[in-house]
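Notes follow once the structure below has been shown.
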Amino acid sequence: MSSRNTMQTGIEGLDEIITGFPRGGLITVSGNPGTGKTALAGAFIYNGAVKFNEPGVYASFLEDEERFYDFMSGFSLDFRSLRDKGLFKYLAIPTLFEPGMSISVADILEAVESIGAKRLVIDSFTALSQMFKSPPEARVFLHSLLSKIARQMDCTTLLIKEVQSEQEYEYGFEEFISDGVILLRREIIEDRLFREVRILKMRGSEIKEPLSCISLYKGFRIYHPITITQEYYNSRRYDPPPDPPGGYTTGISDLDKEVGGFPSSSTIVYEIDPALTISEYNVLVTPFAASYISRDRPVIILPTGGFDWKDILKYIMAYGISPDKISNYVRILMDVVRTEGILPKNVKKIDIFSPADVINEIENLTDYFIKSRLPSPLVILGMDRLVFRLREAAFDVTYFLSNMAREIGGLALWIIKPVYPWIIERLAPVTHIHLRITKHHGRIILKGIKPRLPFYIVDPVEDGLEPRLIPIM
């Protein structure tokens, strides 16, 4: 909650990483063109009116009123209705030279007073500064803005600033006198667009996370770092999505929409970043297996390194799969088993000495399921474990199982960690779907290699185990 000296911004995600903007303060929002500065500023004004009944003024030196309304409607922000209710006023100020400066300042002051505005955006200081003869005159204006509007009228002001260099941020006079400085950045990582926000300064506010991911999908939103542990999987519901036509659900509705589900008889690769924990990457991997098992389809698993058979059962059960279904439809092959007593009947210790050892075990299990009148299985291989034992011969197993999936249906899923970086190069030609799970700024990020997809922020929901995928755009 905000204190008397701070205000909630109303911007999704921002109020979770700071305790608020200084009330009656000046905040500089900087960034290159296209980084989301206008979207952030619009969200600040709009949410102030809708959530907190705080009227706002948007003073622009760049575009006319109707273009502003049309642009904001793309983010589902209806500024026309706020204007009609007297909660918003837009000022389209022509860029003039110094003689017209006093008129522009007077217009801003009058607009703020006329509706009792508590929030003001000036877009942009870069355009406004061209109206002055010299930098000292611009400084005088900013001091006037602070004293007459921000301080005396208790109107919190966002000053938008264009940044030319994408590599190094240069502080100006406006940053030094501002109460807060926010930098928005966009960059190309692995040929995909990535966006971030940096909180460089915020007086009177605790900065909980100075660096976070952002997306402009359906509006400006900040996705602050989160921690996913085993506790995340407790007491949450999971309802498997329906299978898409001609294939199998990925277990996540948003991913089904992007890739069309996993085609029958195909081979899928999940490439796992080493920065991810088991609890983190299973947010995307386990829903696939759980949705497959929930429809009485068998799964054969040779787990990845660091993953025991007990871990597998624990994660699958968290998705609502009953012990009976696990007993009937799940088979786990382990080369190392440390346990007391008798293993569950669906866990088998195997010796991985040759490709034939693994192939024979999986073939026997597949024959058993098919003779039991069950669908063809999903075969999941942890490639780091297989390559550790078999080295180059591990590819005999993967190629055989990919061919088997094509012949009898079902699916093959390879989980690849970068223990042996050359694995992915060897397997890429035989895969139908290749997804990479990585991590940036404390967020799980999904990227499609095959098919080519943008970065998606993996956003957990409050009470369910099916996350949302938010495209970074």
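Within each chain, counting starts at residue 1; across the structure tokens, chains are named A, B, ... in the order shown, with ligands numbered 1 upward in that order.
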
Practice task
Go through range 199-346 of chain A and collect every residue that DSSP, computed from the backbone, puts in helix (DSSP H, G or I); the answer should be as a VMD selection string.
Solution key: chain A and resid 230 to 233 253 to 259 278 to 294 309 to 318 323 to 329

Practice task
Please provide the set of residues having any atom within 7 Å of range 387-391 of chain A, restricted to only C-alpha atoms, with same-chain residues fewer than 4 positions apart removed, written as a ChimeraX atom specification.
Solution key: /A:352-354,383

Practice task
Find the residues around Pro355 in chain A up to 8 Å (only C-alpha atoms counted), leave out those fewer than 6 positions away in its own chain, and share them as JSON, numbers by chain.
Solution key: {"A": [390, 393, 394, 396, 397]}

Handout entry: Test item: residues at most 12 Å from Thr9 in chain A, only C-alpha atoms, excluding those fewer than 3 positions along its chain, as a ChimeraX atom specification
Key = /A:1-2,6,12-23,27,40-52,54,118-119,156-158,205,221

Practice task
Identify all residues of range 85-306 of chain A in strand (DSSP E or B) (DSSP on the backbone) and supply them as a VMD selection string.
Solution key: chain A and resid 88 to 92 119 to 123 156 to 162 180 to 189 192 to 202 207 211 to 215 221 to 223 237 247 to 248 262 to 263 267 to 272 299 to 302

Problem - Residues near Glu187 in chain A, cut-off 9 Å, only C-alpha atoms, skip fewer than 6 positions along chain, as a list in words - result: Glu166, Leu193, Phe194, Arg195 and Glu196 of chain A

Completion exercise
CA of Pro274 in chain A to CA of His434 in chain A measures 17.0 Å

Fill in the blank from the handout: With distances taken over only C-alpha atoms, the candidate from A:Thr126, A:Ile370, A:Ser76, A:Thr304 nearest Tyr217 in chain A is A:Ser76

Each residue of range 235-314 of chain A with at least one atom at most 12 Å from range 320-339 of chain A should appear once, together with its nearest atom pair and the corresponding distance in Å (one decimal); atoms considered: only C-alpha atoms; ordering: chain, then increasing residue number; output as JSON lines.
```
{"residue": "A:Ser235", "atom": "CA", "partner": "A:Gly320", "partner_atom": "CA", "distance": 9.8}
{"residue": "A:Arg236", "atom": "CA", "partner": "A:Gly320", "partner_atom": "CA", "distance": 9.1}
{"residue": "A:Arg237", "atom": "CA", "partner": "A:Gly320", "partner_atom": "CA", "distance": 7.5}
{"residue": "A:Tyr238", "atom": "CA", "partner": "A:Gly320", "partner_atom": "CA", "distance": 6.8}
{"residue": "A:Asp239", "atom": "CA", "partner": "A:Gly320", "partner_atom": "CA", "distance": 8.6}
{"residue": "A:Pro240", "atom": "CA", "partner": "A:Gly320", "partner_atom": "CA", "distance": 9.9}
{"residue": "A:Thr286", "atom": "CA", "partner": "A:Ile321", "partner_atom": "CA", "distance": 11.3}
{"residue": "A:Pro287", "atom": "CA", "partner": "A:Gly320", "partner_atom": "CA", "distance": 10.6}
{"residue": "A:Ala289", "atom": "CA", "partner": "A:Val330", "partner_atom": "CA", "distance": 9.7}
{"residue": "A:Ala290", "atom": "CA", "partner": "A:Ile321", "partner_atom": "CA", "distance": 6.9}
{"residue": "A:Ser291", "atom": "CA", "partner": "A:Ile321", "partner_atom": "CA", "distance": 9.0}
{"residue": "A:Tyr292", "atom": "CA", "partner": "A:Tyr329", "partner_atom": "CA", "distance": 9.7}
{"residue": "A:Ile293", "atom": "CA", "partner": "A:Tyr329", "partner_atom": "CA", "distance": 6.6}
{"residue": "A:Ser294", "atom": "CA", "partner": "A:Ile321", "partner_atom": "CA", "distance": 6.5}
{"residue": "A:Arg295", "atom": "CA", "partner": "A:Lys325", "partner_atom": "CA", "distance": 9.5}
{"residue": "A:Asp296", "atom": "CA", "partner": "A:Tyr329", "partner_atom": "CA", "distance": 6.8}
{"residue": "A:Arg297", "atom": "CA", "partner": "A:Tyr329", "partner_atom": "CA", "distance": 6.4}
{"residue": "A:Pro298", "atom": "CA", "partner": "A:Tyr329", "partner_atom": "CA", "distance": 4.3}
{"residue": "A:Val299", "atom": "CA", "partner": "A:Val330", "partner_atom": "CA", "distance": 5.0}
{"residue": "A:Ile300", "atom": "CA", "partner": "A:Arg331", "partner_atom": "CA", "distance": 4.9}
{"residue": "A:Ile301", "atom": "CA", "partner": "A:Ile332", "partner_atom": "CA", "distance": 4.8}
{"residue": "A:Leu302", "atom": "CA", "partner": "A:Leu333", "partner_atom": "CA", "distance": 5.0}
{"residue": "A:Pro303", "atom": "CA", "partner": "A:Met334", "partner_atom": "CA", "distance": 7.4}
{"residue": "A:Thr304", "atom": "CA", "partner": "A:Met334", "partner_atom": "CA", "distance": 10.0}
{"residue": "A:Gly305", "atom": "CA", "partner": "A:Val336", "partner_atom": "CA", "distance": 10.5}
{"residue": "A:Gly306", "atom": "CA", "partner": "A:Val336", "partner_atom": "CA", "distance": 11.0}
{"residue": "A:Phe307", "atom": "CA", "partner": "A:Met334", "partner_atom": "CA", "distance": 9.9}
{"residue": "A:Asp308", "atom": "CA", "partner": "A:Val337", "partner_atom": "CA", "distance": 8.0}
{"residue": "A:Trp309", "atom": "CA", "partner": "A:Ile332", "partner_atom": "CA", "distance": 6.7}
{"residue": "A:Lys310", "atom": "CA", "partner": "A:Thr339", "partner_atom": "CA", "distance": 9.7}
{"residue": "A:Asp311", "atom": "CA", "partner": "A:Ile332", "partner_atom": "CA", "distance": 11.1}
{"residue": "A:Ile312", "atom": "CA", "partner": "A:Ile332", "partner_atom": "CA", "distance": 8.5}
{"residue": "A:Leu313", "atom": "CA", "partner": "A:Ile326", "partner_atom": "CA", "distance": 7.8}
{"residue": "A:Lys314", "atom": "CA", "partner": "A:Ile321", "partner_atom": "CA", "distance": 10.0}
```

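Residues in contact with Ala59 in chain A at up to 7 Å, not including ones fewer than 2 positions away on its chain and judged by only C-alpha atoms, are Val57, Phe61, Tyr90, Leu91, Ala92, Ile93, Val121, Ile122 and Asp123 of chain A.
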
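You can rank A:Gly409, A:Gly261, A:Gly10, A:Pro471 by their closest distance to Leu446 in chain A using only C-alpha atoms, and at the top of that list sits A:Pro471.
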
Completion exercise
One residue among A:Ile350, A:Val379, A:Val29, A:Ala106 is nearest to Val269 in chain A when using only C-alpha atoms, and that residue is A:Val379
